[in-house]
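Data block for work.pdb (PDB, C-alpha atoms):
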ATOM      1  CA  MET L1150      39.832  -8.479  -2.036
ATOM      2  CA  ASN L1151      36.158  -8.755  -2.953
ATOM      3  CA  VAL L1152      35.081  -5.499  -4.640
ATOM      4  CA  GLY L1153      31.388  -4.646  -4.662
ATOM      5  CA  LEU L1154      28.960  -1.837  -5.379
ATOM      6  CA  LEU L1155      26.119  -0.550  -3.213
ATOM      7  CA  PHE L1156      22.749  -0.081  -4.935
ATOM      8  CA  PRO L1157      20.303   1.907  -2.742
ATOM      9  CA  PHE L1158      17.565   2.336  -5.397
ATOM     10  CA  ARG L1159      16.971   6.041  -4.575
ATOM     11  CA  ASN L1160      14.904   8.216  -6.921
ATOM     12  CA  PRO L1161      14.662  11.753  -5.433
ATOM     13  CA  PRO L1162      11.881  14.148  -6.472
ATOM     14  CA  ARG L1163      14.427  16.616  -7.895
ATOM     15  CA  TRP L1164      15.665  14.088 -10.461
ATOM     16  CA  ARG L1165      12.730  11.670 -10.491
ATOM     17  CA  VAL L1166      11.991   9.315 -13.351
ATOM     18  CA  PRO L1167       9.001   6.904 -13.496
ATOM     19  CA  TRP L1168       9.483   4.136 -10.951
ATOM     20  CA  PRO L1169       9.281   1.161 -13.379
ATOM     21  CA  GLU L1170      11.856   2.845 -15.612
ATOM     22  CA  PHE L1171      14.055   3.618 -12.628
ATOM     23  CA  TYR L1172      13.999   0.053 -11.268
ATOM     24  CA  ALA L1173      14.663  -1.409 -14.710
ATOM     25  CA  GLU L1174      17.734   0.808 -15.057
ATOM     26  CA  GLN L1175      19.061  -0.134 -11.607
ATOM     27  CA  PHE L1176      18.851  -3.820 -12.502
ATOM     28  CA  ARG L1177      20.656  -3.056 -15.753
ATOM     29  CA  GLN L1178      23.378  -1.359 -13.729
ATOM     30  CA  ILE L1179      23.724  -4.502 -11.600
ATOM     31  CA  GLU L1180      24.054  -6.578 -14.754
ATOM     32  CA  MET L1181      26.716  -4.148 -15.978
ATOM     33  CA  ALA L1182      28.556  -4.487 -12.661
ATOM     34  CA  GLU L1183      28.750  -8.227 -13.231
ATOM     35  CA  GLN L1184      30.047  -7.740 -16.766
ATOM     36  CA  LEU L1185      32.715  -5.312 -15.522
ATOM     37  CA  GLY L1186      34.031  -7.819 -12.985
ATOM     38  CA  TYR L1187      32.654  -6.554  -9.691
ATOM     39  CA  ASP L1188      32.258  -9.330  -7.143
ATOM     40  CA  THR L1189      29.147  -8.306  -5.194
ATOM     41  CA  ALA L1190      26.061  -6.155  -5.645
ATOM     42  CA  TRP L1191      25.034  -4.914  -2.201
ATOM     43  CA  LEU L1192      21.510  -3.724  -1.393
ATOM     44  CA  THR L1193      20.492  -1.431   1.447
ATOM     45  CA  GLU L1194      17.224  -0.734   3.273
ATOM     46  CA  HIS L1195      15.394   2.248   4.735
ATOM     47  CA  HIS L1196      11.729   3.168   5.065
ATOM     48  CA  PHE L1197       9.375   6.091   4.440
ATOM     49  CA  SER L1198      11.957   8.144   2.541
ATOM     50  CA  GLU L1199      10.761  10.670  -0.056
ATOM     51  CA  ASP L1200      13.212   9.228  -2.573
ATOM     52  CA  GLY L1201      11.999   5.642  -2.199
ATOM     53  CA  TYR L1202      15.199   4.403  -0.529
ATOM     54  CA  SER L1203      14.686   0.686  -1.131
ATOM     55  CA  PRO L1204      12.297  -0.548   1.593
ATOM     56  CA  SER L1205      11.913  -4.150   0.412
ATOM     57  CA  LEU L1206      15.193  -5.907  -0.307
ATOM     58  CA  ILE L1207      14.164  -9.543  -0.774
ATOM     59  CA  PRO L1208      12.222  -8.934  -4.050
ATOM     60  CA  ILE L1209      15.085  -6.771  -5.300
ATOM     61  CA  ALA L1210      17.646  -9.426  -4.347
ATOM     62  CA  ALA L1211      15.622 -12.165  -6.037
ATOM     63  CA  THR L1212      15.295 -10.159  -9.244
ATOM     64  CA  ALA L1213      19.000  -9.295  -9.264
ATOM     65  CA  ALA L1214      19.849 -12.953  -8.673
ATOM     66  CA  ALA L1215      17.624 -14.076 -11.549
ATOM     67  CA  ARG L1216      19.180 -11.568 -13.952
ATOM     68  CA  THR L1217      22.811 -12.413 -13.166
ATOM     69  CA  SER L1218      24.927 -15.549 -13.027
ATOM     70  CA  THR L1219      28.238 -14.881 -11.236
ATOM     71  CA  ILE L1220      28.072 -11.728  -9.116
ATOM     72  CA  ARG L1221      27.104 -12.241  -5.477
ATOM     73  CA  ILE L1222      24.036 -10.485  -4.099
ATOM     74  CA  GLY L1223      24.263  -9.131  -0.563
ATOM     75  CA  THR L1224      22.282  -6.960   1.842
ATOM     76  CA  PHE L1225      24.144  -4.082   3.484
ATOM     77  CA  LEU L1226      21.854  -4.199   5.348
ATOM     78  CA  ILE L1227      18.343  -5.412   6.275
ATOM     79  CA  LEU L1228      16.888  -3.765   9.397
ATOM     80  CA  LEU L1229      16.228  -7.035  11.179
ATOM     81  CA  PRO L1230      14.178  -5.676  14.137
ATOM     82  CA  LEU L1231      11.502  -4.591  11.633
ATOM     83  CA  HIS L1232      11.101  -8.110  10.198
ATOM     84  CA  HIS L1233       9.990 -11.512  11.433
ATOM     85  CA  PRO L1234      13.010 -13.843  11.338
ATOM     86  CA  VAL L1235      11.071 -16.912  10.200
ATOM     87  CA  ASP L1236       9.809 -15.038   7.142
ATOM     88  CA  LEU L1237      13.321 -13.759   6.430
ATOM     89  CA  ALA L1238      14.827 -17.234   6.813
ATOM     90  CA  GLU L1239      12.376 -18.638   4.259
ATOM     91  CA  SER L1240      12.705 -15.684   1.873
ATOM     92  CA  ALA L1241      16.493 -15.585   2.046
ATOM     93  CA  ALA L1242      16.679 -19.324   1.438
ATOM     94  CA  THR L1243      14.579 -18.797  -1.684
ATOM     95  CA  VAL L1244      16.946 -16.064  -2.922
ATOM     96  CA  ASP L1245      19.882 -18.370  -2.271
ATOM     97  CA  ILE L1246      18.205 -21.000  -4.448
ATOM     98  CA  ILE L1247      17.401 -18.524  -7.235
ATOM     99  CA  SER L1248      21.031 -17.353  -7.194
ATOM    100  CA  ASN L1249      22.405 -20.888  -6.897
ATOM    101  CA  GLY L1250      24.292 -20.036  -3.726
ATOM    102  CA  ARG L1251      25.312 -16.421  -4.373
ATOM    103  CA  PHE L1252      23.490 -14.689  -1.501
ATOM    104  CA  ASP L1253      24.930 -12.880   1.536
ATOM    105  CA  LEU L1254      22.521 -11.824   4.284
ATOM    106  CA  GLY L1255      23.533  -8.721   6.230
ATOM    107  CA  PHE L1256      21.632  -7.199   9.155
ATOM    108  CA  GLY L1257      21.620  -4.084  11.285
ATOM    109  CA  GLN L1258      19.527  -2.929  14.213
ATOM    110  CA  GLY L1259      18.485   0.402  12.684
ATOM    111  CA  TYR L1260      18.660   3.898  14.096
ATOM    112  CA  VAL L1261      15.927   6.123  12.608
ATOM    113  CA  PRO L1262      13.113   6.657  15.183
ATOM    114  CA  SER L1263      10.415   7.252  12.553
ATOM    115  CA  GLU L1264      11.047   3.823  11.021
ATOM    116  CA  PHE L1265      10.363   2.074  14.320
ATOM    117  CA  GLU L1266       7.314   4.270  14.914
ATOM    118  CA  GLY L1267       6.015   3.386  11.454
ATOM    119  CA  TYR L1268       6.258  -0.315  12.220
ATOM    120  CA  GLY L1269       4.883   0.030  15.730
ATOM    121  CA  ILE L1270       8.032  -1.447  17.267
ATOM    122  CA  PRO L1271       9.735   0.245  20.243
ATOM    123  CA  LYS L1272      13.204   1.427  19.296
ATOM    124  CA  LYS L1273      14.446   0.307  22.722
ATOM    125  CA  GLU L1274      13.832  -3.313  21.640
ATOM    126  CA  ARG L1275      16.069  -3.134  18.570
ATOM    127  CA  ALA L1276      19.156  -4.776  20.113
ATOM    128  CA  SER L1277      17.271  -7.723  21.625
ATOM    129  CA  ARG L1278      15.211  -8.183  18.458
ATOM    130  CA  LEU L1279      18.375  -8.227  16.378
ATOM    131  CA  ARG L1280      20.044 -10.803  18.620
ATOM    132  CA  GLU L1281      17.006 -13.073  18.763
ATOM    133  CA  GLY L1282      16.401 -12.683  15.047
ATOM    134  CA  VAL L1283      19.922 -13.793  14.179
ATOM    135  CA  GLU L1284      19.703 -16.720  16.601
ATOM    136  CA  VAL L1285      16.407 -17.812  15.052
ATOM    137  CA  ILE L1286      17.706 -17.625  11.464
ATOM    138  CA  GLN L1287      20.933 -19.434  12.347
ATOM    139  CA  GLY L1288      18.935 -22.090  14.192
ATOM    140  CA  ILE L1289      16.330 -22.610  11.487
ATOM    141  CA  TRP L1290      19.086 -23.046   8.904
ATOM    142  CA  SER L1291      21.073 -25.417  11.138
ATOM    143  CA  GLU L1292      18.462 -27.615  12.821
ATOM    144  CA  SER L1293      15.332 -29.344  11.579
ATOM    145  CA  PRO L1294      13.033 -29.187  13.401
ATOM    146  CA  PHE L1295      13.987 -26.026  15.305
ATOM    147  CA  SER L1296      12.390 -24.601  18.422
ATOM    148  CA  TYR L1297      13.118 -21.326  20.201
ATOM    149  CA  GLN L1298      12.015 -19.542  23.342
ATOM    150  CA  GLY L1299      12.891 -15.861  23.614
ATOM    151  CA  LYS L1300      11.528 -12.505  24.691
ATOM    152  CA  HIS L1301      10.104 -11.698  21.259
ATOM    153  CA  PHE L1302       9.797 -15.055  19.499
ATOM    154  CA  GLU L1303       8.417 -18.422  20.606
ATOM    155  CA  LEU L1304       8.756 -21.102  17.950
ATOM    156  CA  LYS L1305       8.145 -24.845  17.910
ATOM    157  CA  ASP L1306       9.284 -27.465  15.422
ATOM    158  CA  ILE L1307      10.091 -25.133  12.532
ATOM    159  CA  ARG L1308      11.293 -26.706   9.290
ATOM    160  CA  ILE L1309      12.636 -24.784   6.290
ATOM    161  CA  VAL L1310      11.723 -26.441   2.987
ATOM    162  CA  PRO L1311      13.398 -25.829   0.618
ATOM    163  CA  PRO L1312      16.645 -25.042   2.449
ATOM    164  CA  PRO L1313      19.393 -22.676   1.242
ATOM    165  CA  VAL L1314      21.929 -23.925  -1.290
ATOM    166  CA  GLN L1315      25.030 -22.797   0.621
ATOM    167  CA  GLU L1316      26.273 -24.979   3.443
ATOM    168  CA  PRO L1317      25.873 -24.738   6.304
ATOM    169  CA  TYR L1318      23.942 -21.620   5.232
ATOM    170  CA  PRO L1319      24.463 -18.260   3.477
ATOM    171  CA  PRO L1320      26.993 -15.933   5.129
ATOM    172  CA  ILE L1321      25.356 -13.817   7.817
ATOM    173  CA  TRP L1322      26.728 -10.334   8.457
ATOM    174  CA  ILE L1323      26.023  -7.644  11.043
ATOM    175  CA  GLY L1324      26.717  -3.947  10.688
ATOM    176  CA  ALA L1325      27.244  -1.815  13.781
ATOM    177  CA  ARG L1326      28.955   1.373  14.934
ATOM    178  CA  GLY L1327      28.658   1.203  18.721
ATOM    179  CA  ALA L1328      30.818  -0.984  20.971
ATOM    180  CA  LYS L1329      27.960  -3.195  22.162
ATOM    181  CA  GLY L1330      26.685  -3.818  18.641
ATOM    182  CA  ILE L1331      30.154  -4.609  17.299
ATOM    183  CA  GLU L1332      30.877  -7.052  20.101
ATOM    184  CA  ARG L1333      27.443  -8.632  19.639
ATOM    185  CA  ALA L1334      28.246  -9.348  15.991
ATOM    186  CA  ALA L1335      31.378 -11.218  17.038
ATOM    187  CA  ARG L1336      29.626 -13.184  19.792
ATOM    188  CA  LEU L1337      26.938 -14.302  17.331
ATOM    189  CA  GLY L1338      29.619 -15.531  14.928
ATOM    190  CA  CYS L1339      28.648 -13.163  12.122
ATOM    191  CA  HIS L1340      30.826 -11.395   9.583
ATOM    192  CA  PHE L1341      31.220  -7.622  10.003
ATOM    193  CA  LEU L1342      29.813  -4.792   7.887
ATOM    194  CA  GLY L1343      31.972  -1.790   8.713
ATOM    195  CA  VAL L1344      32.409   1.811   7.622
ATOM    196  CA  SER L1345      36.212   1.874   7.293
ATOM    197  CA  ASP L1346      36.768   2.671  10.984
ATOM    198  CA  PRO L1347      40.017   1.007  12.177
ATOM    199  CA  GLU L1348      38.956   1.130  15.840
ATOM    200  CA  ALA L1349      35.614  -0.529  15.100
ATOM    201  CA  GLN L1350      37.290  -3.250  13.068
ATOM    202  CA  GLN L1351      39.853  -3.873  15.797
ATOM    203  CA  ARG L1352      37.108  -4.061  18.414
ATOM    204  CA  TYR L1353      35.302  -6.678  16.319
ATOM    205  CA  ASP L1354      38.466  -8.730  15.799
ATOM    206  CA  ASN L1355      39.287  -8.578  19.524
ATOM    207  CA  ALA L1356      35.752  -9.674  20.392
ATOM    208  CA  LEU L1357      36.116 -12.630  18.029
ATOM    209  CA  ARG L1358      39.264 -13.713  19.849
ATOM    210  CA  GLU L1359      37.558 -13.318  23.227
ATOM    211  CA  ALA L1360      34.800 -15.605  21.938
ATOM    212  CA  GLY L1361      37.388 -18.217  20.935
ATOM    213  CA  ARG L1362      37.189 -17.433  17.220
ATOM    214  CA  ASP L1363      39.915 -16.634  14.699
ATOM    215  CA  PRO L1364      39.425 -13.333  12.807
ATOM    216  CA  LYS L1365      40.938 -15.002   9.734
ATOM    217  CA  ASP L1366      37.749 -17.065   9.501
ATOM    218  CA  PHE L1367      35.516 -13.990   9.317
ATOM    219  CA  HIS L1368      34.985 -11.397   6.614
ATOM    220  CA  ALA L1369      35.376  -7.652   7.134
ATOM    221  CA  ALA L1370      33.515  -5.387   4.694
ATOM    222  CA  GLN L1371      34.342  -1.684   4.597
ATOM    223  CA  LEU L1372      31.969   0.838   3.013
ATOM    224  CA  ARG L1373      33.246   3.985   1.275
ATOM    225  CA  TRP L1374      31.455   6.497  -0.925
ATOM    226  CA  CYS L1375      33.348   6.681  -4.198
ATOM    227  CA  PHE L1376      33.164   8.381  -7.564
ATOM    228  CA  VAL L1377      35.717   8.222 -10.373
ATOM    229  CA  GLY L1378      36.248  10.667 -13.230
ATOM    230  CA  GLU L1379      38.932  11.317 -15.806
ATOM    231  CA  SER L1380      40.176  14.009 -13.416
ATOM    232  CA  ARG L1381      39.379  15.113  -9.877
ATOM    233  CA  ASP L1382      37.422  18.172 -11.027
ATOM    234  CA  ARG L1383      35.459  16.225 -13.614
ATOM    235  CA  ALA L1384      34.542  13.649 -10.973
ATOM    236  CA  TRP L1385      33.367  16.350  -8.543
ATOM    237  CA  ASP L1386      31.446  18.204 -11.252
ATOM    238  CA  ALA L1387      29.547  15.020 -12.083
ATOM    239  CA  CYS L1388      28.593  13.964  -8.563
ATOM    240  CA  GLN L1389      28.663  16.941  -6.177
ATOM    241  CA  ASP L1390      24.928  17.725  -6.139
ATOM    242  CA  HIS L1391      23.962  14.078  -5.699
ATOM    243  CA  LEU L1392      26.584  13.423  -3.035
ATOM    244  CA  HIS L1393      25.495  16.549  -1.153
ATOM    245  CA  TYR L1394      21.855  15.438  -1.238
ATOM    246  CA  MET L1395      22.785  11.986   0.068
ATOM    247  CA  LEU L1396      25.074  13.185   2.855
ATOM    248  CA  SER L1397      22.472  15.757   3.954
ATOM    249  CA  TRP L1398      19.831  13.025   4.126
ATOM    250  CA  TYR L1399      22.001  10.805   6.306
ATOM    251  CA  GLY L1400      23.054  13.724   8.473
ATOM    252  CA  GLU L1401      19.448  14.699   9.218
ATOM    253  CA  ARG L1402      18.563  11.155  10.259
ATOM    254  CA  LEU L1403      21.624  10.753  12.432
ATOM    255  CA  VAL L1404      20.613  13.937  14.233
ATOM    256  CA  GLU L1405      17.098  12.526  14.622
ATOM    257  CA  ALA L1406      18.513   9.303  16.058
ATOM    258  CA  SER L1407      21.010  11.029  18.405
ATOM    259  CA  ASP L1408      22.745   7.709  19.065
ATOM    260  CA  PHE L1409      26.315   9.000  18.977
ATOM    261  CA  LYS L1410      27.816  12.261  20.185
ATOM    262  CA  GLY L1411      29.264  14.187  17.271
ATOM    263  CA  ASP L1412      26.881  12.827  14.624
ATOM    264  CA  GLU L1413      25.227  16.246  14.487
ATOM    265  CA  ASN L1414      28.349  17.544  12.735
ATOM    266  CA  PHE L1415      27.604  15.365   9.711
ATOM    267  CA  ALA L1416      24.506  17.473   9.009
ATOM    268  CA  LYS L1417      26.616  20.643   8.663
ATOM    269  CA  LEU L1418      27.814  20.415   5.092
ATOM    270  CA  PRO L1419      29.466  23.029   2.893
ATOM    271  CA  ALA L1420      27.683  23.942  -0.322
ATOM    272  CA  PRO L1421      27.932  21.308  -3.073
ATOM    273  CA  GLU L1422      30.456  23.328  -5.080
ATOM    274  CA  GLU L1423      32.610  23.821  -1.973
ATOM    275  CA  MET L1424      32.847  20.194  -0.859
ATOM    276  CA  ARG L1425      35.825  19.329  -3.066
ATOM    277  CA  ASP L1426      38.046  21.855  -1.285
ATOM    278  CA  SER L1427      36.673  21.411   2.224
ATOM    279  CA  ASP L1428      38.721  19.868   5.016
ATOM    280  CA  GLN L1429      35.562  19.120   6.987
ATOM    281  CA  ALA L1430      35.029  15.478   7.975
ATOM    282  CA  MET L1431      32.153  14.061   5.954
ATOM    283  CA  LEU L1432      30.125  10.945   6.641
ATOM    284  CA  GLY L1433      31.524   7.894   4.891
ATOM    285  CA  GLN L1434      34.788   9.652   3.928
ATOM    286  CA  PRO L1435      33.868  10.206   0.260
ATOM    287  CA  MET L1436      36.575   9.416  -2.290
ATOM    288  CA  VAL L1437      36.140  11.539  -5.417
ATOM    289  CA  GLY L1438      38.885  11.805  -7.992
ATOM    290  CA  SER L1439      40.845  10.332 -10.865
ATOM    291  CA  PRO L1440      41.573   6.594 -11.089
ATOM    292  CA  ASP L1441      45.102   7.064  -9.745
ATOM    293  CA  GLU L1442      43.884   9.165  -6.809
ATOM    294  CA  ILE L1443      41.167   6.671  -5.904
ATOM    295  CA  ALA L1444      43.552   3.701  -6.141
ATOM    296  CA  GLN L1445      46.075   5.368  -3.855
ATOM    297  CA  GLU L1446      43.426   6.283  -1.295
ATOM    298  CA  ILE L1447      42.065   2.735  -1.222
ATOM    299  CA  LEU L1448      45.533   1.230  -0.840
ATOM    300  CA  SER L1449      46.243   3.696   1.958
ATOM    301  CA  PHE L1450      43.127   3.099   4.044
ATOM    302  CA  THR L1451      43.011  -0.683   3.549
ATOM    303  CA  ALA L1452      46.577  -0.842   4.865
ATOM    304  CA  GLY L1453      45.217   0.420   8.176
ATOM    305  CA  VAL L1454      41.931  -1.478   8.494
ATOM    306  CA  ARG L1455      41.329  -5.172   7.820
ATOM    307  CA  THR L1456      39.327  -5.387   4.606
ATOM    308  CA  THR L1457      38.222  -8.576   2.881
ATOM    309  CA  HIS L1458      35.307  -6.878   1.088
ATOM    310  CA  LEU L1459      35.405  -3.331  -0.291
ATOM    311  CA  VAL L1460      31.905  -1.869  -0.680
ATOM    312  CA  LEU L1461      31.696   1.200  -2.906
ATOM    313  CA  GLY L1462      28.724   3.532  -2.684
ATOM    314  CA  MET L1463      28.880   4.948  -6.214
ATOM    315  CA  HIS L1464      25.216   5.185  -7.256
ATOM    316  CA  PHE L1465      24.335   8.450  -5.543
ATOM    317  CA  PRO L1466      20.640   9.451  -5.479
ATOM    318  CA  GLY L1467      19.449  10.932  -8.744
ATOM    319  CA  ILE L1468      22.682  10.555 -10.665
ATOM    320  CA  ALA L1469      22.205   9.846 -14.377
ATOM    321  CA  PRO L1470      22.733   6.174 -15.283
ATOM    322  CA  SER L1471      25.280   7.017 -17.967
ATOM    323  CA  VAL L1472      27.305   9.062 -15.476
ATOM    324  CA  ALA L1473      27.246   6.312 -12.850
ATOM    325  CA  GLN L1474      28.176   3.753 -15.485
ATOM    326  CA  ARG L1475      31.201   5.801 -16.559
ATOM    327  CA  SER L1476      32.456   5.816 -12.974
ATOM    328  CA  MET L1477      31.884   2.056 -12.741
ATOM    329  CA  GLU L1478      33.847   1.505 -15.944
ATOM    330  CA  LEU L1479      36.780   3.702 -14.943
ATOM    331  CA  PHE L1480      37.026   1.988 -11.580
ATOM    332  CA  ALA L1481      36.822  -1.503 -13.079
ATOM    333  CA  LYS L1482      39.388  -0.857 -15.791
ATOM    334  CA  GLU L1483      41.875   1.420 -14.054
ATOM    335  CA  VAL L1484      41.445   1.097 -10.279
ATOM    336  CA  MET L1485      40.503  -2.516  -9.697
ATOM    337  CA  PRO L1486      43.730  -3.992 -11.167
ATOM    338  CA  ALA L1487      45.814  -1.701  -8.952
ATOM    339  CA  ILE L1488      44.090  -2.552  -5.675
ATOM    340  CA  ARG L1489      43.970  -6.288  -6.368
TER     341      ARG L1489
END
Rewritten as structure tokens:
Amino acid sequence: MNVGLLFPFRNPPRWRVPWPEFYAEQFRQIEMAEQLGYDTAWLTEHHFSEDGYSPSLIPIAATAAARTSTIRIGTFLILLPLHHPVDLAESAATVDIISNGRFDLGFGQGYVPSEFEGYGIPKKERASRLREGVEVIQGIWSESPFSYQGKHFELKDIRIVPPPVQEPYPPIWIGARGAKGIERAARLGCHFLGVSDPEAQQRYDNALREAGRDPKDFHAAQLRWCFVGESRDRAWDACQDHLHYMLSWYGERLVEASDFKGDENFAKLPAPEEMRDSDQAMLGQPMVGSPDEIAQEILSFTAGVRTTHLVLGMHFPGIAPSVAQRSMELFAKEVMPAIR
């Protein structure tokens, strides 16, 4: 199993440090992840957030690639409808070169209305823009010259120079929650970025088979929020305020999006100090505890959902670098051997 960490580069006002200092520390944390034996550093995108939730992943990916040598760099995920696919194909190829073939390119269609409004792109076009964008990037990386005629993009005789290092091209992933989006990922022949939902993973695998593809040939990444401490209470004490801030942020935006019935419940959180004892379902199914507790929970849920890549959201917004690093170290030394 590939074990990776999610780095969202979030610097909330409550815990803010100067931005250059903050970015330098996040890159140091990625370097530390490589030294500790993590397989992938995943990056994630949003826009117009008060905490600076990383809005520009390609420069971050390129810097991370240049400062590391073995860990893979992936995007979980880029909001493809907000980008031009030709620019992304060229930029991602450059990152793949800088990393010497260590780049994974993950996409999603997005869900926050204000992000689409900020870019002047109708939210109703997100699915078709995602599909066309993936087709364009796959085509540019497969054919030279490449031409395309679609609803949003009309291209003629495109050539990518220099091309990516990986052959035929870097792995392309799609993240989705809804049935149509999940099935679209399979039809496009992309790997799947999931959120540890067995039904979603099964739907993706079934759609692969319906498209004449073997699920064994495709990766399945599962995201879980995770924090490790010497004991369960020490882990909760260290992360509860930061986890509460993060889950509240996501909950508010899911309510704004109103894409799925029931998402409004994720915005109704107990107080930070009450979360550890709450039986309320929380977004992302946070795992907070001792190394033994975390290992057992991972072994339990991965037994029920196909997982080739485990993605751990451990760097909660505003958490002190030394505290995050301690969780990284405990997981690497005491959890990783057990789950592998």
Using all atoms listed in the file, which residues of region 1191-1220 of chain L come within 12 Å of region 1451-1460 of chain L, and what is the closest atom pair for each, with the distance in Å to one decimal? Give it as a tab-separated table, sorted by chain and residue number.
residue	atom	partner	partner_atom	distance
L:Trp1191	CA	L:Val1460	CA	7.7
L:Leu1192	CA	L:Val1460	CA	10.6
L:Thr1193	CA	L:Val1460	CA	11.6
Please, what is the axis-aligned box for every listed atom of region 1209-1213 of chain L with 3 Å on each side, as centre and edge lengths in Å to one decimal, as AutoDock Vina command-line options?
--center_x 17.0 --center_y -9.5 --center_z -6.8 --size_x 9.9 --size_y 11.4 --size_z 10.9
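Going from CA of Gly1267 (chain L) to CA of His1232 (chain L) covers 12.6 Å.
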Let me know the residues the PyMOL selection byres ((chain L and resi 1265) around 12) catches in the file above, as a ChimeraX atom specification. /L:1195-1197,1228-1232,1258-1264,1266-1275,1406
Hey, what comes out of the PyMOL selection byres ((chain L and resi 1432-1435) around 12) on this file? Could you write it as a ChimeraX atom specification? /L:1343-1346,1371-1377,1384-1385,1388-1389,1392-1393,1395-1401,1403,1411-1418,1424-1425,1427-1431,1436-1438,1443,1446-1447,1450,1460-1463,1465
Find the spatial neighbours of His1340 (chain L), counting only C-alpha atoms, within a cut-off of 9 Å - ignore same-chain residues fewer than 3 positions away - and output them as a ChimeraX atom specification. /L:1255,1320-1324,1334-1335,1366-1370
What does the file look like for those residues with C-alpha atoms, as a PDB file, in the coordinates of the input?
ATOM      1  CA  GLY L1255      23.533  -8.721   6.230  1.00  0.00           C
ATOM      2  CA  PRO L1320      26.993 -15.933   5.129  1.00  0.00           C
ATOM      3  CA  ILE L1321      25.356 -13.817   7.817  1.00  0.00           C
ATOM      4  CA  TRP L1322      26.728 -10.334   8.457  1.00  0.00           C
ATOM      5  CA  ILE L1323      26.023  -7.644  11.043  1.00  0.00           C
ATOM      6  CA  GLY L1324      26.717  -3.947  10.688  1.00  0.00           C
ATOM      7  CA  ALA L1334      28.246  -9.348  15.991  1.00  0.00           C
ATOM      8  CA  ALA L1335      31.378 -11.218  17.038  1.00  0.00           C
ATOM      9  CA  ASP L1366      37.749 -17.065   9.501  1.00  0.00           C
ATOM     10  CA  PHE L1367      35.516 -13.990   9.317  1.00  0.00           C
ATOM     11  CA  HIS L1368      34.985 -11.397   6.614  1.00  0.00           C
ATOM     12  CA  ALA L1369      35.376  -7.652   7.134  1.00  0.00           C
ATOM     13  CA  ALA L1370      33.515  -5.387   4.694  1.00  0.00           C
TER      14      ALA L1370
END
CA of Leu1237 (chain L) to CA of Leu1279 (chain L): how many Å, to one decimal? 12.5 Å
Would you tabulate, counting all atoms listed in the file, all residues of region 1398-1481 of chain L that have an atom at most 7 Å from an atom of region 1162-1186 of chain L, showing the closest pair of atoms and their distance in Å to one decimal, sorted by chain then ascending number, as a Markdown table?
| residue | atom | partner | partner_atom | distance |
| --- | --- | --- | --- | --- |
| L:Gly1467 | CA | L:Trp1164 | CA | 5.2 |
| L:Glu1478 | CA | L:Leu1185 | CA | 6.9 |
| L:Ala1481 | CA | L:Leu1185 | CA | 6.1 |
The PyMOL selection byres ((chain L and resi 1362) around 12) applied to the shown file, residues as a list of chain:residue names: L:Ala1335, L:Arg1336, L:Leu1337, L:Gly1338, L:Cys1339, L:His1340, L:Tyr1353, L:Asp1354, L:Asn1355, L:Ala1356, L:Leu1357, L:Arg1358, L:Glu1359, L:Ala1360, L:Gly1361, L:Asp1363, L:Pro1364, L:Lys1365, L:Asp1366, L:Phe1367
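Here CA of Pro1470 (chain L) and CA of Leu1448 (chain L) stand 27.4 Å from one another.
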Nearby residues (all atoms listed in the file) at most 7 Å from Ala1210 (chain L), same-chain spacing under 4 positions excluded, as a PDB file with C-alpha atoms, in the coordinates of the input:
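The file below, out.pdb, is the result:
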ATOM      1  CA  LEU L1206      15.193  -5.907  -0.307  1.00  0.00           C
ATOM      2  CA  ALA L1214      19.849 -12.953  -8.673  1.00  0.00           C
ATOM      3  CA  ILE L1222      24.036 -10.485  -4.099  1.00  0.00           C
ATOM      4  CA  VAL L1244      16.946 -16.064  -2.922  1.00  0.00           C
TER       5      VAL L1244
END
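Candidate residues L:Pro1208, L:Gly1257, L:Pro1421, L:Gly1223 were compared for distance to Ile1331 (chain L), and the nearest is L:Gly1257, using all atoms listed in the file.
Closest to Ser1198 (chain L) among L:Arg1402, L:Phe1225, L:Asn1151, L:Arg1352 is L:Arg1402, based on all atoms listed in the file.
Residues within 12 Å of Gly1288 (chain L), counting all atoms listed in the file and excluding same-chain residues fewer than 6 positions away, are Pro1234, Val1235, Ala1238, Glu1281, Gly1282, Pro1294, Phe1295, Ser1296, Tyr1297, Gln1298, Leu1304, Lys1305, Asp1306, Ile1307, Arg1308, Ile1309, Pro1317, Tyr1318 and Leu1337 of chain L.
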Resulting file, chosen residues, C-alpha atoms, as a compact mmCIF listing (two decimals), in the coordinates of the input:
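Below is the file result_38.txt, written as the result:
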# COMPACT_ATOMS: atom_id res chain seq x y z
CA PRO L 1234 13.01 -13.84 11.34
CA VAL L 1235 11.07 -16.91 10.20
CA ALA L 1238 14.83 -17.23 6.81
CA GLU L 1281 17.01 -13.07 18.76
CA GLY L 1282 16.40 -12.68 15.05
CA PRO L 1294 13.03 -29.19 13.40
CA PHE L 1295 13.99 -26.03 15.30
CA SER L 1296 12.39 -24.60 18.42
CA TYR L 1297 13.12 -21.33 20.20
CA GLN L 1298 12.02 -19.54 23.34
CA LEU L 1304 8.76 -21.10 17.95
CA LYS L 1305 8.14 -24.84 17.91
CA ASP L 1306 9.28 -27.46 15.42
CA ILE L 1307 10.09 -25.13 12.53
CA ARG L 1308 11.29 -26.71 9.29
CA ILE L 1309 12.64 -24.78 6.29
CA PRO L 1317 25.87 -24.74 6.30
CA TYR L 1318 23.94 -21.62 5.23
CA LEU L 1337 26.94 -14.30 17.33
